[in-house]
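The file work_0.csv contains CSV, C-alpha atoms (C1' of nucleotides):
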```csv
chain,number,residue,atom,x,y,z
A,101,MET,CA,-181.8,148.2,51.2
A,102,ALA,CA,-178.1,147.4,51.7
A,103,VAL,CA,-175.7,150.3,51.6
A,104,SER,CA,-173.8,150.6,48.3
A,105,ALA,CA,-171.1,148.0,48.3
A,106,ALA,CA,-169.0,150.5,46.5
A,107,ALA,CA,-169.1,152.8,49.5
A,108,GLN,CA,-168.0,150.1,51.9
A,109,ARG,CA,-164.6,149.4,50.4
A,110,ASP,CA,-162.9,152.7,50.6
A,111,ARG,CA,-160.1,151.9,53.0
A,112,GLU,CA,-159.0,148.4,53.8
A,113,THR,CA,-159.6,147.0,50.3
A,114,ALA,CA,-158.4,149.8,48.2
A,115,LEU,CA,-155.9,147.7,46.3
A,116,THR,CA,-157.4,144.3,46.5
A,117,LYS,CA,-161.0,145.0,45.7
A,118,ASP,CA,-161.5,148.3,44.1
A,119,ASP,CA,-160.2,147.2,40.7
A,120,ARG,CA,-163.7,145.8,40.0
A,121,LEU,CA,-162.5,142.3,39.1
A,122,ASP,CA,-166.1,141.2,38.9
A,123,LEU,CA,-166.9,143.8,36.4
A,124,ARG,CA,-163.9,143.0,34.3
A,125,VAL,CA,-164.8,139.3,34.4
A,126,TRP,CA,-168.3,140.1,33.3
A,127,PHE,CA,-167.1,142.3,30.5
A,128,ARG,CA,-164.6,139.7,29.3
A,129,LEU,CA,-167.2,137.0,29.4
A,130,LEU,CA,-169.5,139.0,27.3
A,131,THR,CA,-166.7,139.8,24.9
A,132,CYS,CA,-165.8,136.1,24.6
A,133,ALA,CA,-169.4,135.0,24.1
A,134,THR,CA,-169.9,137.7,21.4
A,135,LEU,CA,-166.6,136.9,19.7
A,136,ILE,CA,-167.3,133.1,19.6
A,137,GLU,CA,-170.9,133.6,18.7
A,138,ARG,CA,-169.9,135.8,15.8
A,139,SER,CA,-167.3,133.3,14.7
A,140,VAL,CA,-169.7,130.3,15.0
A,141,ARG,CA,-172.5,132.2,13.3
A,142,GLN,CA,-170.3,133.0,10.3
A,143,GLY,CA,-169.0,129.5,10.2
A,144,LEU,CA,-172.5,128.0,10.2
A,145,ARG,CA,-173.6,130.5,7.6
A,146,GLY,CA,-170.7,129.9,5.3
A,147,GLU,CA,-170.6,126.2,5.6
A,148,PHE,CA,-174.3,125.3,5.8
A,149,GLY,CA,-176.3,128.4,5.2
A,150,ILE,CA,-178.0,128.2,8.6
A,151,THR,CA,-178.3,130.6,11.5
A,152,LEU,CA,-177.1,129.9,15.0
A,153,PRO,CA,-180.5,130.0,16.7
A,154,ARG,CA,-181.8,127.5,14.1
A,155,PHE,CA,-178.8,125.3,14.6
A,156,ASP,CA,-179.3,125.3,18.4
A,157,LEU,CA,-182.9,124.4,17.9
A,158,LEU,CA,-182.1,121.5,15.6
A,159,SER,CA,-179.4,120.4,18.1
A,160,GLN,CA,-181.9,120.2,20.9
A,161,LEU,CA,-184.4,118.3,18.8
A,162,ASP,CA,-181.7,115.9,17.5
A,163,ARG,CA,-181.1,114.7,21.1
A,164,ALA,CA,-184.7,114.2,21.8
A,165,ASP,CA,-186.1,111.3,19.8
A,166,ALA,CA,-189.5,111.6,21.4
A,167,GLY,CA,-189.8,115.3,20.4
A,168,LEU,CA,-190.0,118.3,22.7
A,169,THR,CA,-192.8,120.7,23.5
A,170,MET,CA,-192.6,124.3,22.7
A,171,GLY,CA,-192.2,125.2,26.4
A,172,GLU,CA,-189.5,122.7,26.9
A,173,LEU,CA,-187.6,124.1,24.0
A,174,SER,CA,-188.1,127.6,25.4
A,175,ARG,CA,-186.6,126.5,28.8
A,176,ARG,CA,-183.7,124.6,27.3
A,177,LEU,CA,-182.6,127.4,25.0
A,178,MET,CA,-183.4,130.0,27.7
A,179,VAL,CA,-185.4,132.2,25.4
A,180,THR,CA,-189.1,133.4,25.4
A,181,ASN,CA,-191.9,131.2,24.2
A,182,GLY,CA,-192.7,133.7,21.5
A,183,ASN,CA,-189.2,133.4,20.2
A,184,VAL,CA,-189.5,129.7,19.8
A,185,THR,CA,-192.8,130.0,18.1
A,186,GLY,CA,-191.3,132.2,15.4
A,187,LEU,CA,-188.2,130.0,15.0
A,188,ILE,CA,-190.2,126.8,14.7
A,189,ASP,CA,-192.5,128.5,12.2
A,190,ARG,CA,-189.6,129.1,9.9
A,191,LEU,CA,-188.1,125.7,10.4
A,192,VAL,CA,-191.4,124.1,9.6
A,193,THR,CA,-191.6,126.2,6.4
A,194,GLU,CA,-188.2,124.9,5.5
A,195,GLY,CA,-189.3,121.3,6.1
A,196,LEU,CA,-186.7,120.6,8.8
A,197,VAL,CA,-189.1,120.1,11.7
A,198,ALA,CA,-192.7,119.2,12.2
A,199,ARG,CA,-195.3,119.9,14.8
A,200,GLN,CA,-197.8,117.4,16.1
A,201,PRO,CA,-200.4,117.6,18.8
A,202,ALA,CA,-199.1,116.2,22.1
A,203,PRO,CA,-200.9,113.2,23.5
A,204,HIS,CA,-202.7,113.7,26.8
A,205,ASP,CA,-202.6,117.5,26.5
A,206,ARG,CA,-204.4,119.4,23.8
A,207,ARG,CA,-202.7,122.6,24.7
A,208,ALA,CA,-199.2,121.4,23.9
A,209,GLN,CA,-197.4,120.8,20.6
A,210,LEU,CA,-194.8,118.2,20.2
A,211,VAL,CA,-192.0,119.2,17.9
A,212,ARG,CA,-189.7,116.7,16.1
A,213,LEU,CA,-187.1,116.7,13.4
A,214,THR,CA,-188.3,115.5,10.1
A,215,PRO,CA,-186.1,112.8,8.4
A,216,VAL,CA,-184.8,115.6,6.1
A,217,GLY,CA,-184.1,117.8,9.1
A,218,LYS,CA,-182.3,115.0,11.0
A,219,GLN,CA,-180.2,114.1,8.1
A,220,ALA,CA,-179.3,117.7,7.3
A,221,PHE,CA,-178.4,118.5,10.9
A,222,GLU,CA,-176.3,115.4,11.5
A,223,ALA,CA,-174.4,116.1,8.3
A,224,MET,CA,-173.3,119.4,9.9
A,225,ILE,CA,-172.0,118.0,13.2
A,226,PRO,CA,-168.5,116.8,12.3
A,227,LYS,CA,-167.5,120.0,10.6
A,228,HIS,CA,-169.0,122.1,13.3
A,229,GLN,CA,-167.2,120.2,16.0
A,230,ASP,CA,-163.9,120.5,14.2
A,231,PHE,CA,-164.6,124.2,13.8
A,232,ILE,CA,-165.0,124.6,17.6
A,233,ALA,CA,-162.1,122.3,18.4
A,234,GLU,CA,-159.7,124.3,16.2
A,235,ARG,CA,-160.7,127.5,17.9
A,236,PHE,CA,-160.3,126.2,21.4
A,237,ASP,CA,-156.9,124.7,20.8
A,238,GLY,CA,-155.2,127.6,22.6
A,239,LEU,CA,-156.2,126.1,25.9
A,240,SER,CA,-154.8,122.9,27.4
A,241,ARG,CA,-157.1,120.2,28.5
A,242,ALA,CA,-156.5,121.1,32.2
A,243,GLU,CA,-157.3,124.7,31.4
A,244,LEU,CA,-160.5,123.8,29.6
A,245,ALA,CA,-161.5,121.7,32.6
A,246,GLU,CA,-160.8,124.6,35.0
A,247,LEU,CA,-162.7,127.0,32.8
A,248,HIS,CA,-165.6,124.6,32.7
A,249,ARG,CA,-165.6,124.3,36.5
A,250,LEU,CA,-165.4,128.1,37.1
A,251,LEU,CA,-168.2,128.8,34.7
A,252,GLY,CA,-170.3,126.2,36.5
A,253,LYS,CA,-169.7,128.0,39.7
A,254,LEU,CA,-170.6,131.3,38.2
A,255,LYS,CA,-173.8,129.9,36.8
A,256,THR,CA,-174.7,128.6,40.3
A,257,SER,CA,-173.9,132.0,41.8
A,258,PHE,CA,-176.2,133.7,39.4
A,259,GLU,CA,-179.0,131.2,39.7
A,260,ALA,CA,-178.9,131.7,43.5
A,261,HIS,CA,-180.0,135.3,42.9
A,262,GLU,CA,-182.6,134.6,40.3
A,263,SER,CA,-184.9,133.1,42.8
A,264,GLN,CA,-185.0,136.4,44.7
A,265,HIS,CA,-186.5,138.1,41.7
A,266,GLU,CA,-189.3,135.7,41.2
A,267,LYS,CA,-192.7,136.3,42.7
A,268,ARG,CA,-193.1,134.8,46.2
A,269,LYS,CA,-195.0,131.8,45.1
A,270,ASP,CA,-193.5,129.2,47.4
A,271,GLU,CA,-194.2,126.8,44.6
A,272,LYS,CA,-194.2,123.3,46.3
B,189,MET,CA,-159.3,120.7,4.1
B,190,ALA,CA,-157.8,118.9,7.0
B,191,VAL,CA,-159.3,115.5,7.8
B,192,SER,CA,-162.0,115.6,10.4
B,193,ALA,CA,-160.4,116.0,13.8
B,194,ALA,CA,-163.2,113.7,15.1
B,195,ALA,CA,-161.9,110.9,13.0
B,196,GLN,CA,-158.4,111.3,14.2
B,197,ARG,CA,-159.1,110.6,17.8
B,198,ASP,CA,-160.5,107.1,17.7
B,199,ARG,CA,-157.9,105.1,19.6
B,200,GLU,CA,-155.4,106.7,21.8
B,201,THR,CA,-157.5,109.4,23.1
B,202,ALA,CA,-160.8,107.6,23.6
B,203,LEU,CA,-161.1,108.5,27.2
B,204,THR,CA,-159.2,111.7,27.4
B,205,LYS,CA,-160.5,113.6,24.4
B,206,ASP,CA,-163.7,112.2,23.2
B,207,ASP,CA,-165.8,113.8,25.8
B,208,ARG,CA,-165.8,117.0,23.8
B,209,LEU,CA,-164.7,119.2,26.6
B,210,ASP,CA,-164.4,122.0,24.2
B,211,LEU,CA,-168.0,121.8,23.2
B,212,ARG,CA,-169.1,121.6,26.7
B,213,VAL,CA,-167.1,124.7,27.6
B,214,TRP,CA,-168.5,126.6,24.7
B,215,PHE,CA,-172.0,125.5,25.6
B,216,ARG,CA,-171.6,126.5,29.2
B,217,LEU,CA,-170.0,129.8,28.3
B,218,LEU,CA,-173.0,130.6,26.1
B,219,THR,CA,-175.3,129.5,28.9
B,220,CYS,CA,-173.5,131.8,31.4
B,221,ALA,CA,-173.5,134.8,29.1
B,222,THR,CA,-177.2,134.3,28.3
B,223,LEU,CA,-178.1,133.9,32.0
B,224,ILE,CA,-176.1,136.9,33.1
B,225,GLU,CA,-177.3,139.0,30.2
B,226,ARG,CA,-180.9,138.2,31.0
B,227,SER,CA,-180.3,139.0,34.7
B,228,VAL,CA,-178.6,142.3,33.9
B,229,ARG,CA,-181.1,143.3,31.3
B,230,GLN,CA,-184.0,142.7,33.8
B,231,GLY,CA,-182.0,144.6,36.4
B,232,LEU,CA,-181.4,147.6,34.2
B,233,ARG,CA,-185.0,147.6,33.0
B,234,GLY,CA,-186.4,147.3,36.4
B,235,GLU,CA,-184.1,149.9,38.1
B,236,PHE,CA,-183.6,152.4,35.3
B,237,GLY,CA,-185.9,151.6,32.5
B,238,ILE,CA,-183.1,151.2,30.1
B,239,THR,CA,-182.0,148.4,27.8
B,240,LEU,CA,-178.6,146.6,27.9
B,241,PRO,CA,-177.4,147.8,24.5
B,242,ARG,CA,-178.2,151.4,25.4
B,243,PHE,CA,-176.4,151.1,28.7
B,244,ASP,CA,-173.3,149.6,27.0
B,245,LEU,CA,-173.4,152.5,24.5
B,246,LEU,CA,-173.7,155.1,27.3
B,247,SER,CA,-170.9,153.3,29.2
B,248,GLN,CA,-168.5,153.6,26.3
B,249,LEU,CA,-169.3,157.3,25.8
B,250,ASP,CA,-169.0,158.1,29.5
B,251,ARG,CA,-165.4,157.0,29.4
B,252,ALA,CA,-164.6,159.1,26.3
B,253,ASP,CA,-164.8,162.8,27.0
B,254,ALA,CA,-163.7,163.7,23.5
B,255,GLY,CA,-166.5,161.7,22.0
B,256,LEU,CA,-166.3,158.7,19.7
B,257,THR,CA,-167.1,158.2,16.1
B,258,MET,CA,-169.7,155.7,15.0
B,259,GLY,CA,-167.1,153.4,13.6
B,260,GLU,CA,-165.2,153.4,16.9
B,261,LEU,CA,-168.3,152.6,18.8
B,262,SER,CA,-169.1,149.8,16.4
B,263,ARG,CA,-165.6,148.3,17.0
B,264,ARG,CA,-165.7,148.6,20.7
B,265,LEU,CA,-169.1,147.1,21.1
B,266,MET,CA,-168.3,144.5,18.5
B,267,VAL,CA,-171.5,145.1,16.5
B,268,THR,CA,-172.2,146.2,13.0
B,269,ASN,CA,-172.2,149.8,11.9
B,270,GLY,CA,-175.9,149.7,11.1
B,271,ASN,CA,-176.7,148.5,14.6
B,272,VAL,CA,-174.9,151.5,16.1
B,273,THR,CA,-176.7,153.9,13.8
B,274,GLY,CA,-180.1,152.7,15.0
B,275,LEU,CA,-179.1,152.7,18.6
B,276,ILE,CA,-177.7,156.2,18.5
B,277,ASP,CA,-180.8,157.4,16.6
B,278,ARG,CA,-182.9,156.3,19.6
B,279,LEU,CA,-180.6,157.8,22.2
B,280,VAL,CA,-180.5,161.1,20.3
B,281,THR,CA,-184.3,161.1,20.3
B,282,GLU,CA,-184.2,160.6,24.0
B,283,GLY,CA,-181.8,163.4,24.5
B,284,LEU,CA,-179.1,161.3,26.1
B,285,VAL,CA,-176.5,161.7,23.4
B,286,ALA,CA,-175.7,164.2,20.6
B,287,ARG,CA,-174.0,163.9,17.2
B,288,GLN,CA,-171.7,166.5,15.8
B,289,PRO,CA,-169.6,166.6,12.7
B,290,ALA,CA,-166.0,165.3,13.3
B,291,PRO,CA,-163.3,167.8,12.7
B,292,HIS,CA,-160.9,167.0,9.8
B,293,ASP,CA,-163.2,164.4,8.3
B,294,ARG,CA,-166.5,165.3,6.9
B,295,ARG,CA,-167.6,161.6,6.6
B,296,ALA,CA,-167.4,161.0,10.3
B,297,GLN,CA,-169.8,161.8,13.2
B,298,LEU,CA,-168.6,162.5,16.7
B,299,VAL,CA,-171.0,161.2,19.3
B,300,ARG,CA,-171.0,162.5,22.9
B,301,LEU,CA,-173.1,162.3,26.0
B,302,THR,CA,-175.3,165.3,26.6
B,303,PRO,CA,-175.1,166.7,30.1
B,304,VAL,CA,-178.5,165.0,30.8
B,305,GLY,CA,-177.1,161.8,29.4
B,306,LYS,CA,-174.0,161.9,31.5
B,307,GLN,CA,-175.9,162.6,34.7
B,308,ALA,CA,-178.4,159.9,34.0
B,309,PHE,CA,-175.8,157.3,33.2
B,310,GLU,CA,-173.6,158.1,36.2
B,311,ALA,CA,-176.5,157.9,38.5
B,312,MET,CA,-176.9,154.3,37.4
B,313,ILE,CA,-173.4,153.2,38.0
B,314,PRO,CA,-173.3,152.4,41.8
B,315,LYS,CA,-176.5,150.3,41.8
B,316,HIS,CA,-175.4,148.5,38.7
B,317,GLN,CA,-172.0,147.7,40.1
B,318,ASP,CA,-173.6,146.4,43.3
B,319,PHE,CA,-175.9,144.4,41.2
B,320,ILE,CA,-173.0,142.7,39.5
B,321,ALA,CA,-170.9,142.3,42.7
B,322,GLU,CA,-173.8,140.5,44.4
B,323,ARG,CA,-174.2,138.0,41.7
B,324,PHE,CA,-170.5,137.3,41.4
B,325,ASP,CA,-170.0,136.7,45.1
B,326,GLY,CA,-170.1,132.9,44.7
B,327,LEU,CA,-166.5,133.0,43.4
B,328,SER,CA,-163.5,133.9,45.4
B,329,ARG,CA,-161.1,136.6,44.3
B,330,ALA,CA,-158.6,134.0,43.2
B,331,GLU,CA,-161.2,132.2,41.2
B,332,LEU,CA,-162.3,135.5,39.5
B,333,ALA,CA,-158.7,136.2,38.6
B,334,GLU,CA,-158.3,132.7,37.2
B,335,LEU,CA,-161.5,133.0,35.3
B,336,HIS,CA,-160.4,136.3,33.9
B,337,ARG,CA,-157.1,134.8,32.8
B,338,LEU,CA,-158.6,131.8,31.1
B,339,LEU,CA,-161.2,133.9,29.3
B,340,GLY,CA,-158.4,136.1,28.1
B,341,LYS,CA,-156.6,133.1,26.7
B,342,LEU,CA,-159.7,131.8,25.0
B,343,LYS,CA,-160.2,135.2,23.5
B,344,THR,CA,-156.7,135.1,22.1
B,345,SER,CA,-157.2,131.6,20.7
B,346,PHE,CA,-160.3,132.7,18.9
B,347,GLU,CA,-158.7,135.9,17.6
B,348,ALA,CA,-155.9,133.9,16.1
B,349,HIS,CA,-158.4,132.1,13.9
B,350,GLU,CA,-160.3,135.2,12.9
B,351,SER,CA,-157.4,136.5,10.8
B,352,GLN,CA,-157.7,133.4,8.7
B,353,HIS,CA,-161.1,134.3,7.6
B,354,GLU,CA,-160.3,137.8,6.5
B,355,LYS,CA,-159.4,138.6,3.0
B,356,ARG,CA,-155.8,138.3,2.2
B,357,LYS,CA,-155.1,142.0,2.3
B,358,ASP,CA,-151.7,142.0,4.0
B,359,GLU,CA,-152.7,145.3,5.4
B,360,LYS,CA,-149.5,147.2,6.2
C,191,DC,C1',-220.4,121.0,38.7
C,192,DC,C1',-217.9,125.2,38.2
C,193,DT,C1',-215.2,128.9,39.2
C,194,DA,C1',-210.5,130.1,40.1
C,195,DT,C1',-206.0,129.4,39.1
C,196,DA,C1',-202.3,127.5,36.6
C,197,DT,C1',-200.1,126.0,32.3
C,198,DA,C1',-199.0,125.8,27.1
C,199,DT,C1',-198.8,128.4,23.3
C,200,DT,C1',-199.5,132.2,20.1
C,201,DT,C1',-200.0,137.0,19.0
C,202,DT,C1',-198.5,141.7,19.1
C,203,DA,C1',-195.6,145.7,19.1
C,204,DG,C1',-191.3,147.3,19.4
C,205,DA,C1',-186.4,146.9,20.0
C,206,DC,C1',-182.1,144.8,18.5
C,207,DT,C1',-179.1,142.6,15.1
C,208,DT,C1',-176.9,141.2,11.0
C,209,DA,C1',-175.4,141.2,6.1
C,210,DA,C1',-175.3,143.5,2.1
C,211,DA,C1',-175.9,147.4,-0.7
C,212,DA,C1',-175.7,152.3,-1.3
C,213,DC,C1',-173.5,156.8,-0.5
C,214,DA,C1',-170.2,160.1,0.7
C,215,DA,C1',-165.7,161.7,1.6
C,216,DT,C1',-160.8,160.6,1.9
C,217,DT,C1',-156.5,158.7,0.4
C,218,DT,C1',-153.4,156.6,-2.9
C,219,DC,C1',-150.9,156.6,-6.6
C,220,DC,C1',-150.0,157.1,-11.4
D,237,DG,C1',-155.1,166.3,-11.2
D,238,DG,C1',-158.0,162.3,-11.5
D,239,DA,C1',-159.2,157.4,-11.4
D,240,DA,C1',-159.2,153.7,-8.1
D,241,DA,C1',-159.3,151.9,-3.8
D,242,DT,C1',-160.4,152.7,1.0
D,243,DT,C1',-162.9,154.4,4.9
D,244,DG,C1',-167.1,156.2,7.6
D,245,DT,C1',-171.8,156.0,7.8
D,246,DT,C1',-176.6,155.1,6.6
D,247,DT,C1',-180.1,152.4,4.4
D,248,DT,C1',-182.6,148.1,3.5
D,249,DA,C1',-184.5,143.6,4.2
D,250,DA,C1',-184.9,139.9,6.9
D,251,DG,C1',-184.2,137.5,11.1
D,252,DT,C1',-184.0,137.3,16.2
D,253,DC,C1',-185.6,138.6,20.7
D,254,DT,C1',-188.3,140.4,24.5
D,255,DA,C1',-192.3,141.7,27.4
D,256,DA,C1',-197.0,141.7,27.7
D,257,DA,C1',-201.5,140.5,26.3
D,258,DA,C1',-204.6,137.1,24.4
D,259,DT,C1',-206.2,132.2,23.7
D,260,DA,C1',-207.0,127.8,24.9
D,261,DT,C1',-206.8,123.9,27.8
D,262,DA,C1',-206.1,121.6,32.3
D,263,DT,C1',-206.3,121.2,37.2
D,264,DA,C1',-208.1,122.3,42.0
D,265,DG,C1',-211.2,123.5,45.5
D,266,DG,C1',-215.5,124.3,47.1
```

Now that the file is in, can you turn its structure into structure tokens?
Amino acid sequence: MAVSAAAQRDRETALTKDDRLDLRVWFRLLTCATLIERSVRQGLRGEFGITLPRFDLLSQLDRADAGLTMGELSRRLMVTNGNVTGLIDRLVTEGLVARQPAPHDRRAQLVRLTPVGKQAFEAMIPKHQDFIAERFDGLSRAELAELHRLLGKLKTSFEAHESQHEKRKDEK
Amino acid sequence: MAVSAAAQRDRETALTKDDRLDLRVWFRLLTCATLIERSVRQGLRGEFGITLPRFDLLSQLDRADAGLTMGELSRRLMVTNGNVTGLIDRLVTEGLVARQPAPHDRRAQLVRLTPVGKQAFEAMIPKHQDFIAERFDGLSRAELAELHRLLGKLKTSFEAHESQHEKRKDEK
DNA sequence: CCTATATATTTTAGACTTAAAACAATTTCC
DNA sequence: GGAAATTGTTTTAAGTCTAAAATATATAGG
């Protein structure tokens, strides 16, 4: 379907469109994410001896006093179920989180921070926040707000296309 | 060192700074990158049966007719050397790239696309570009340009802090 | 009831990734 | 020229991640 968009912009948009601004934004976004991820990962490793995925997981649990199911964690972190299973396995071994059967549904597991896990995680927060703040200080508050807005719009734009890929279920 | 930045903004900045805009931007950036990566990965897999890391690698090589060394690939993709070694191993097995000894330096390998690899990769480009263009169409050209600019500034801000982490080598 | 479908999670196999150690070749500099 | 430091790559061990298949439980429709 749909003729190649590339083929459609030969004449009238030679200068304004053919520089592939979209590709450059996508590439730069990936670069930034990689750069920041690497920096944060090394920071977490150096300061607390923890990995970024584990930190993200603890962060989600810290905000959910009632605990979260495996599936909910998977959705929030935007990773596969199997990934969460392995991650939680390791955190359980380390004593930072605990699984318990979910009430009303014997399929589900409710995952919670242990007291040790909660204390450990919350001890990391201030330093971690400072770490981020330091590295974002090249942007003014207005620029941060604008960046936040534009990323939100980009997110929406992508999500609009996600639905096309899903099976036609017409789910409710 | 440095007193917690969190502790310093108790009074005068209660409303303007304590909403952690930096953290929210970082979180949203990560979300966007993950979302787009997933989308692109599924697109590449569905259309061409290739993974994103391999596509990125082929993309770098396609732009470098003279070939690239392993180290240069590692730098451009911002991943570890070992990572590139494994990736290239697989692409060599598939016949898409070839290694050859680098002239003037017997430690280095020069990696190039094979004719098959070049043809295969370039056949993917138009569809892939359309795929990206479609998903970025929620942003105007001006917004894309602004997003590009802000991400560039963020990148610079982060890079400024990277140097602090390196060993004090005073290299040249 | 009870079969079909959907949901929640785990398992599996393989790919990707890192950090650190090991190797090999080059460069520096005395 | 030769020891020391540097650079380019691979190896190793462990963790992260995906897609797909397998399990187990729950919900709906007939």

Which distance in Å separates atom CA of A:Pro215 and atom CA of A:Gly146, to one decimal?
->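 Separating atom CA of A:Pro215 from atom CA of A:Gly146 is a distance of 23.2 Å.
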
Neighbourhood query: residues within 10 Å of (-209.0, 128.6, 38.7), file coordinates, counting all atoms listed in the file; return as an NGL selection string.
-> (:C and (192-196)) or (:D and (262-265))

Mind checking which residues fall within 9 Å of D:DC253, counting only C-alpha atoms (C1' of nucleotides), ignoring those fewer than 3 positions away in the same chain, and posting them as a PyMOL selection string?
-> (chain A and resi 179-180+182-183) or (chain C and resi 205-206)

Do me a favour and pick out the residues of chain A within 7 Å of chain C, using only C-alpha atoms (C1' of nucleotides), as a list in words.
-> Gly171, Arg207 and Ala208 of chain A

Mind checking which residues fall within 8 Å of A:Leu210, counting only C-alpha atoms (C1' of nucleotides), ignoring those fewer than 3 positions away in the same chain, and posting them as a ChimeraX atom specification?
-> /A:167-170,199-202

Return the single residue from B:Arg294, B:Arg337, B:Lys343, B:Arg208 that is closest to D:DT245, with distances computed using only C-alpha atoms (C1' of nucleotides).
->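 Smallest separation from D:DT245 among the options: B:Arg294.
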
Pick out the chain A residues within 9 Å of chain B. Count all atoms listed in the file. Give them as an MDAnalysis selection string.
-> chainID A and resid 104:107 116:117 120:126 128:137 139 177:179 226:227 229:230 232:239 241 243:248 250:262

Rounded to one decimal place, report the atom CA of A:Gly217-atom CA of A:Asp162 distance in Å.
-> 8.9 Å

Can you pull out every residue within 10 Å of A:Gly186, counting all atoms listed in the file, but drop anything in the same chain fewer than 6 positions away, and send it as a PDB file with C-alpha atoms (C1' of nucleotides), in the coordinates of the input?
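Result file out_30.pdb:
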```pdb
ATOM      1  CA  VAL A 192    -191.400 124.100   9.600  1.00  0.00           C
TER       2      VAL A 192
ATOM      3  C1'  DT C 200    -199.500 132.200  20.100  1.00  0.00           C
TER       4       DT C 200
ATOM      5  C1'  DG D 251    -184.200 137.500  11.100  1.00  0.00           C
ATOM      6  C1'  DT D 252    -184.000 137.300  16.200  1.00  0.00           C
TER       7       DT D 252
END
```

Computed interatomic separation between atom CA of B:Leu240 and atom C1' of D:DA258 (Å) =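 According to the coordinates, atom CA of B:Leu240 and atom C1' of D:DA258 are separated by 27.9 Å.
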
Residue neighbourhood A:Leu191, 12 Å, all atoms listed in the file, exclusion window fewer than 3 positions, as JSON, numbers by chain | {"A": [150, 151, 153, 154, 155, 156, 157, 158, 161, 184, 185, 186, 187, 188, 194, 195, 196, 197, 198, 199, 211, 212, 213, 214, 216, 217]}

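Among B:Arg233, B:Ser328, B:Arg251, B:Lys306, the residue with the shortest atom-to-atom distance to chain D, counting all atoms listed in the file, is B:Arg233.
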
Could you write out as a short mmCIF file (atom, residue, chain, number, x, y, z; two decimals) with C-alpha atoms (C1' of nucleotides), in the frame of the given file the residues of chain D within 10 Å of chain B, counting only C-alpha atoms (C1' of nucleotides)?
```cif
data_model
loop_
_atom_site.label_atom_id
_atom_site.label_comp_id
_atom_site.auth_asym_id
_atom_site.auth_seq_id
_atom_site.Cartn_x
_atom_site.Cartn_y
_atom_site.Cartn_z
"C1'" DT D 243 -162.90 154.40 4.90
"C1'" DG D 244 -167.10 156.20 7.60
"C1'" DT D 245 -171.80 156.00 7.80
"C1'" DT D 246 -176.60 155.10 6.60
"C1'" DT D 247 -180.10 152.40 4.40
#
```
